[in-house]
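**Student:** The structure file data_30.cif (mmCIF, C-alpha atoms and all ligand atoms) is provided below.
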```
data_input
loop_
_atom_site.label_atom_id
_atom_site.label_comp_id
_atom_site.auth_asym_id
_atom_site.auth_seq_id
_atom_site.Cartn_x
_atom_site.Cartn_y
_atom_site.Cartn_z
CA MET A 1 0.00 0.00 0.00
CA GLU A 2 1.24 3.48 -0.82
CA PHE A 3 0.74 5.97 1.98
CA ASN A 4 1.35 9.60 1.23
CA THR A 5 3.02 11.21 4.25
CA GLU A 6 3.41 14.64 2.67
CA ILE A 7 0.25 15.77 4.42
CA PHE A 8 2.19 15.79 7.70
CA SER A 9 4.41 18.61 6.50
CA GLN A 10 1.59 20.69 5.02
CA PHE A 11 1.42 22.87 8.15
CA ASP A 12 4.70 22.10 9.88
CA LYS A 13 7.03 22.90 6.99
CA LYS A 14 4.95 25.06 4.63
CA TRP A 15 3.22 27.24 7.21
CA ALA A 16 -0.03 29.04 6.36
CA LEU A 17 -2.04 32.12 7.22
CA LEU A 18 -5.09 31.67 9.39
CA THR A 19 -7.58 34.46 8.75
CA ALA A 20 -10.90 35.16 10.43
CA GLY A 21 -13.42 37.92 9.86
CA LYS A 22 -14.81 39.67 6.82
CA GLU A 23 -13.19 42.01 4.32
CA GLU A 24 -14.10 45.12 6.31
CA ASN A 25 -12.75 43.74 9.59
CA PHE A 26 -10.46 40.72 9.82
CA ASN A 27 -7.17 39.58 11.28
CA THR A 28 -4.59 37.10 10.09
CA MET A 29 -1.65 35.24 11.64
CA THR A 30 0.86 32.57 10.70
CA ILE A 31 0.24 28.99 11.80
CA SER A 32 2.30 25.83 11.60
CA TRP A 33 0.13 23.53 13.67
CA GLY A 34 -2.96 22.00 12.20
CA GLY A 35 -4.51 18.99 10.56
CA LEU A 36 -6.74 17.88 7.75
CA GLY A 37 -9.14 14.97 8.07
CA THR A 38 -12.71 13.83 8.45
CA LEU A 39 -15.29 14.46 11.18
CA TRP A 40 -19.03 13.85 11.23
CA GLY A 41 -18.71 12.68 7.65
CA LYS A 42 -17.28 16.04 6.53
CA PRO A 43 -13.84 17.09 5.28
CA VAL A 44 -12.37 19.20 8.10
CA ALA A 45 -9.39 21.35 8.97
CA THR A 46 -8.24 21.71 12.58
CA VAL A 47 -6.18 24.65 13.88
CA TYR A 48 -4.84 25.59 17.32
CA VAL A 49 -4.89 29.22 18.46
CA ARG A 50 -3.52 30.57 21.73
CA THR A 51 -6.12 32.61 23.58
CA SER A 52 -3.68 35.54 23.71
CA ARG A 53 -3.67 36.02 19.90
CA TYR A 54 -5.65 38.89 18.40
CA THR A 55 -6.82 36.37 15.79
CA HIS A 56 -8.42 34.38 18.63
CA ASP A 57 -10.96 37.20 19.12
CA TYR A 58 -11.84 36.96 15.42
CA MET A 59 -12.06 33.16 15.49
CA ASP A 60 -14.65 33.42 18.25
CA ALA A 61 -16.61 36.26 16.68
CA ASN A 62 -16.95 34.78 13.18
CA GLU A 63 -18.51 31.64 11.72
CA TYR A 64 -15.97 31.31 8.88
CA PHE A 65 -12.18 31.28 8.69
CA THR A 66 -9.66 30.55 5.97
CA ILE A 67 -6.33 28.74 5.78
CA SER A 68 -4.12 30.11 2.99
CA TYR A 69 -0.95 28.51 1.62
CA PHE A 70 1.67 30.61 -0.19
CA PRO A 71 4.56 30.05 -2.57
CA GLU A 72 7.95 29.72 -0.81
CA LYS A 73 8.96 33.32 -1.62
CA TYR A 74 6.37 34.64 0.88
CA LYS A 75 7.90 32.82 3.84
CA LYS A 76 9.65 35.94 5.12
CA ILE A 77 6.34 37.84 5.18
CA LEU A 78 4.71 34.91 6.97
CA GLY A 79 7.52 35.14 9.51
CA VAL A 80 6.61 38.77 10.22
CA LEU A 81 2.87 38.04 10.41
CA GLY A 82 3.75 35.29 12.89
CA SER A 83 5.82 37.43 15.20
CA LYS A 84 3.87 40.69 15.40
CA SER A 85 0.28 41.14 16.50
CA GLY A 86 -2.48 42.89 14.58
CA ARG A 87 -2.92 44.82 17.82
CA GLU A 88 0.41 46.59 17.19
CA MET A 89 0.78 46.70 13.40
CA ASP A 90 -1.35 47.19 10.31
CA LYS A 91 -0.79 43.70 8.95
CA MET A 92 -2.04 44.46 5.46
CA LYS A 93 -0.16 47.70 4.97
CA ASP A 94 3.12 46.36 6.33
CA SER A 95 3.05 42.95 4.60
CA GLY A 96 2.14 44.14 1.12
CA LEU A 97 -0.38 41.29 0.77
CA THR A 98 -3.69 42.02 -0.96
CA ALA A 99 -6.82 40.87 0.86
CA ILE A 100 -9.61 39.38 -1.26
CA LYS A 101 -13.02 37.95 -0.45
CA ALA A 102 -12.95 34.16 -0.09
CA GLY A 103 -16.38 32.65 0.47
CA GLU A 104 -17.74 34.19 3.67
CA SER A 105 -14.28 35.26 4.82
CA VAL A 106 -10.99 36.63 3.49
CA SER A 107 -7.85 35.33 1.76
CA PHE A 108 -5.07 36.91 -0.28
CA LYS A 109 -4.36 37.43 -3.95
CA GLU A 110 -0.86 36.00 -3.45
CA ALA A 111 -2.06 32.68 -1.94
CA GLU A 112 -1.79 29.54 -4.08
CA VAL A 113 -4.42 27.53 -2.22
CA THR A 114 -7.09 28.65 0.24
CA LEU A 115 -9.32 26.44 2.35
CA VAL A 116 -12.56 28.19 3.29
CA CYS A 117 -13.82 26.72 6.56
CA ARG A 118 -17.08 26.92 8.46
CA LYS A 119 -16.46 26.71 12.19
CA LEU A 120 -18.02 23.54 13.62
CA PHE A 121 -16.33 23.15 16.98
CA ARG A 122 -14.11 24.86 19.53
CA GLN A 123 -12.53 23.43 22.63
CA LYS A 124 -9.77 24.35 25.05
CA LEU A 125 -6.80 21.97 25.09
CA GLU A 126 -7.11 21.08 28.76
CA GLU A 127 -3.72 20.75 30.43
CA SER A 128 -5.01 17.99 32.72
CA ASN A 129 -5.65 15.87 29.61
CA MET A 130 -2.10 16.01 28.20
CA PRO A 131 1.25 14.55 29.27
CA GLU A 132 2.84 16.55 32.08
CA GLU A 133 6.00 17.39 30.15
CA ILE A 134 3.97 18.97 27.34
CA ALA A 135 1.83 20.96 29.79
CA LYS A 136 5.01 22.21 31.46
CA ALA A 137 6.88 23.06 28.27
CA MET A 138 3.98 24.64 26.41
CA TYR A 139 1.69 26.21 28.97
CA GLU A 140 3.53 27.09 32.20
CA GLY A 141 3.03 30.84 32.46
CA GLN A 142 1.59 30.93 28.92
CA ALA A 143 -1.90 31.21 27.47
CA SER A 144 -3.67 27.98 26.54
CA HIS A 145 -4.61 26.90 23.03
CA ASP A 146 -8.15 26.55 21.74
CA MET A 147 -8.74 23.96 19.04
CA TYR A 148 -11.05 24.97 16.21
CA ILE A 149 -12.42 22.45 13.77
CA GLY A 150 -13.88 23.81 10.55
CA GLU A 151 -15.69 22.12 7.70
CA VAL A 152 -13.76 22.75 4.47
CA VAL A 153 -16.59 24.17 2.37
CA GLU A 154 -14.46 25.42 -0.54
CA ILE A 155 -10.93 25.00 -1.87
CA ILE A 156 -9.77 27.98 -3.93
CA ARG A 157 -6.72 27.51 -6.16
CA GLY A 158 -4.58 30.23 -7.70
C1 LIG B 1 6.04 29.64 11.86
C2 LIG B 1 5.04 30.10 12.90
C3 LIG B 1 4.00 29.25 13.25
C4 LIG B 1 3.05 29.64 14.21
N1 LIG B 1 2.02 28.80 14.52
C5 LIG B 1 1.09 29.17 15.44
C6 LIG B 1 -0.02 28.29 15.74
O1 LIG B 1 -0.21 27.22 15.15
N2 LIG B 1 -0.89 28.72 16.70
C7 LIG B 1 -0.75 29.91 17.38
O2 LIG B 1 -1.57 30.24 18.26
N3 LIG B 1 0.28 30.77 17.08
C8 LIG B 1 1.18 30.41 16.13
N4 LIG B 1 2.21 31.28 15.80
C9 LIG B 1 2.32 32.58 16.48
C10 LIG B 1 1.41 33.67 15.90
O3 LIG B 1 1.44 33.66 14.48
C11 LIG B 1 1.87 35.05 16.41
O4 LIG B 1 1.77 35.09 17.82
C12 LIG B 1 1.16 36.23 15.80
O5 LIG B 1 1.90 37.39 16.03
C13 LIG B 1 -0.27 36.42 16.31
O6 LIG B 1 -0.81 37.52 15.68
P1 LIG B 1 -2.18 38.23 16.17
O7 LIG B 1 -1.98 38.66 17.61
O8 LIG B 1 -2.35 39.37 15.22
O9 LIG B 1 -3.26 37.19 16.06
C14 LIG B 1 3.16 30.90 14.85
C15 LIG B 1 4.23 31.76 14.47
C16 LIG B 1 5.16 31.37 13.50
C17 LIG B 1 6.27 32.31 13.10
#
```
Just give me the structure of the file as structure tokens.
**Tutor:**
Amino acid sequence: MEFNTEIFSQFDKKWALLTAGKEENFNTMTISWGGLGTLWGKPVATVYVRTSRYTHDYMDANEYFTISYFPEKYKKILGVLGSKSGREMDKMKDSGLTAIKAGESVSFKEAEVTLVCRKLFRQKLEESNMPEEIAKAMYEGQASHDMYIGEVVEIIRG
């Protein structure tokens, strides 16, 4: 049997932008944790957002979010969008990316693939339910992560 393991590096190595909100009011940030799979008979994408992120506010306030993948040359920009908060910079002005409508949410002209997701589920990653060494390394003195699972309702290419 052939088993394609490339899917494991889709987030970890390629990174992506997670965007929530609508064209008139949205925020975006870089992610490298996530998964693609099946839940309740639907194709789903799962992302993990620390409660301290500005994007977290938008994830909670909106029904749709997008996951956008970019050509390698945008990695530097993704690095900036993953180290500064939308609370302290104008992410669109400073990145040079062009926001476009994507389904009920927002993506970018420069993205090569965008997954449009409808939020189905949110849950805190409870520290009492994970191995102690992970709880210590990831969450001691730091905000927790919420897991969001979204139905992939559209895949936009190009
Ligand atoms: C490569 C990379 C991957 C990241 N992955 C995640 C992630 O999966 N979840 C998360 O909460 N933050 C992640 N971050 C951190 C956020 O992108 C970063 O804190 C960002 O500034 C948040 O922006 P905001 O406050 O405008 O939402 C990552 C950062 C980088 C550089």
**Student:** Within 9 Å of ligand LIG 1 (chain B), counting only C-alpha atoms and all ligand atoms, which protein or nucleic acid residues do you find, written as a PyMOL selection string?
**Tutor:** chain A and resi 11-19+27-34+47-58+75+78-89+91+144-146
**Student:** Write the residues of the selection above to a file with C-alpha atoms, as a PDB file, in the coordinates of the input.
**Tutor:**
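This went into out.pdb:
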```
ATOM      1  CA  PHE A  11       1.420  22.870   8.150  1.00  0.00           C
ATOM      2  CA  ASP A  12       4.700  22.100   9.880  1.00  0.00           C
ATOM      3  CA  LYS A  13       7.030  22.900   6.990  1.00  0.00           C
ATOM      4  CA  LYS A  14       4.950  25.060   4.630  1.00  0.00           C
ATOM      5  CA  TRP A  15       3.220  27.240   7.210  1.00  0.00           C
ATOM      6  CA  ALA A  16      -0.030  29.040   6.360  1.00  0.00           C
ATOM      7  CA  LEU A  17      -2.040  32.120   7.220  1.00  0.00           C
ATOM      8  CA  LEU A  18      -5.090  31.670   9.390  1.00  0.00           C
ATOM      9  CA  THR A  19      -7.580  34.460   8.750  1.00  0.00           C
ATOM     10  CA  ASN A  27      -7.170  39.580  11.280  1.00  0.00           C
ATOM     11  CA  THR A  28      -4.590  37.100  10.090  1.00  0.00           C
ATOM     12  CA  MET A  29      -1.650  35.240  11.640  1.00  0.00           C
ATOM     13  CA  THR A  30       0.860  32.570  10.700  1.00  0.00           C
ATOM     14  CA  ILE A  31       0.240  28.990  11.800  1.00  0.00           C
ATOM     15  CA  SER A  32       2.300  25.830  11.600  1.00  0.00           C
ATOM     16  CA  TRP A  33       0.130  23.530  13.670  1.00  0.00           C
ATOM     17  CA  GLY A  34      -2.960  22.000  12.200  1.00  0.00           C
ATOM     18  CA  VAL A  47      -6.180  24.650  13.880  1.00  0.00           C
ATOM     19  CA  TYR A  48      -4.840  25.590  17.320  1.00  0.00           C
ATOM     20  CA  VAL A  49      -4.890  29.220  18.460  1.00  0.00           C
ATOM     21  CA  ARG A  50      -3.520  30.570  21.730  1.00  0.00           C
ATOM     22  CA  THR A  51      -6.120  32.610  23.580  1.00  0.00           C
ATOM     23  CA  SER A  52      -3.680  35.540  23.710  1.00  0.00           C
ATOM     24  CA  ARG A  53      -3.670  36.020  19.900  1.00  0.00           C
ATOM     25  CA  TYR A  54      -5.650  38.890  18.400  1.00  0.00           C
ATOM     26  CA  THR A  55      -6.820  36.370  15.790  1.00  0.00           C
ATOM     27  CA  HIS A  56      -8.420  34.380  18.630  1.00  0.00           C
ATOM     28  CA  ASP A  57     -10.960  37.200  19.120  1.00  0.00           C
ATOM     29  CA  TYR A  58     -11.840  36.960  15.420  1.00  0.00           C
ATOM     30  CA  LYS A  75       7.900  32.820   3.840  1.00  0.00           C
ATOM     31  CA  LEU A  78       4.710  34.910   6.970  1.00  0.00           C
ATOM     32  CA  GLY A  79       7.520  35.140   9.510  1.00  0.00           C
ATOM     33  CA  VAL A  80       6.610  38.770  10.220  1.00  0.00           C
ATOM     34  CA  LEU A  81       2.870  38.040  10.410  1.00  0.00           C
ATOM     35  CA  GLY A  82       3.750  35.290  12.890  1.00  0.00           C
ATOM     36  CA  SER A  83       5.820  37.430  15.200  1.00  0.00           C
ATOM     37  CA  LYS A  84       3.870  40.690  15.400  1.00  0.00           C
ATOM     38  CA  SER A  85       0.280  41.140  16.500  1.00  0.00           C
ATOM     39  CA  GLY A  86      -2.480  42.890  14.580  1.00  0.00           C
ATOM     40  CA  ARG A  87      -2.920  44.820  17.820  1.00  0.00           C
ATOM     41  CA  GLU A  88       0.410  46.590  17.190  1.00  0.00           C
ATOM     42  CA  MET A  89       0.780  46.700  13.400  1.00  0.00           C
ATOM     43  CA  LYS A  91      -0.790  43.700   8.950  1.00  0.00           C
ATOM     44  CA  SER A 144      -3.670  27.980  26.540  1.00  0.00           C
ATOM     45  CA  HIS A 145      -4.610  26.900  23.030  1.00  0.00           C
ATOM     46  CA  ASP A 146      -8.150  26.550  21.740  1.00  0.00           C
TER      47      ASP A 146
END
```
**Student:** If I take CA of Leu115 (chain A) and CA of Thr46 (chain A), how far is one from the other in Å, to one decimal?
**Tutor:**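 The value is 11.3 Å.
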**Student:** Which value, in Å to one decimal, gives the distance between CA of Phe108 (chain A) and CA of Arg122 (chain A)?
**Tutor:**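 That distance, rounded to one decimal, is 24.9 Å.
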**Student:** Using CA of Phe121 (chain A) and CA of Met147 (chain A) as the two end points, give the distance in Å to one decimal.
**Tutor:**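 It comes out at 7.9 Å.
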**Student:** I'd like to know which of A:Lys22, A:Ser128, A:Glu110, A:Glu133 is closest to Leu97 (chain A), using all atoms listed in the file.
**Tutor:**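 So, comparing all the options, the nearest one is A:Glu110.
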**Student:** When distances are computed from all atoms listed in the file, which of A:Lys42, A:Phe8, A:Gly103, A:Lys73 shows the smallest separation from Ala20 (chain A)?
**Tutor:**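 Looking at the shortest contact to Ala20 (chain A), the residue is A:Gly103.
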**Student:** So that I can see what lies close to Tyr64 (chain A), please list as JSON, numbers by chain the residues with an atom at most 8 Å from it, counting only C-alpha atoms and leaving out residues fewer than 2 positions away in the same chain.
**Tutor:** {"A": [20, 21, 59, 62, 66, 104, 105, 116, 117, 118, 119, 150]}
**Student:** Take the residues from that selection and write them out as a compact mmCIF listing (two decimals), in the coordinates of the input, keeping C-alpha atoms.
**Tutor:**
```
# COMPACT_ATOMS: atom_id res chain seq x y z
CA ALA A 20 -10.90 35.16 10.43
CA GLY A 21 -13.42 37.92 9.86
CA MET A 59 -12.06 33.16 15.49
CA ASN A 62 -16.95 34.78 13.18
CA THR A 66 -9.66 30.55 5.97
CA GLU A 104 -17.74 34.19 3.67
CA SER A 105 -14.28 35.26 4.82
CA VAL A 116 -12.56 28.19 3.29
CA CYS A 117 -13.82 26.72 6.56
CA ARG A 118 -17.08 26.92 8.46
CA LYS A 119 -16.46 26.71 12.19
CA GLY A 150 -13.88 23.81 10.55
```
**Student:** So that all listed atoms of region 128-143 of chain A fit with 4 Å spare on each side, what axis-aligned box centre and edge lengths in Å, to one decimal, would you give as lines of an AutoDock Vina configuration file?
**Tutor:**
```
center_x = 0.6
center_y = 22.9
center_z = 29.6
size_x = 20.5
size_y = 24.7
size_z = 14.3
```
**Student:** May I ask which of the residues A:Met138, A:Ala111, A:Leu125, A:Ile100 is the closest one to Arg157 (chain A), counting all atoms listed in the file?
**Tutor:**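 Counting all atoms listed in the file, the residue closest to Arg157 (chain A) is A:Ala111.
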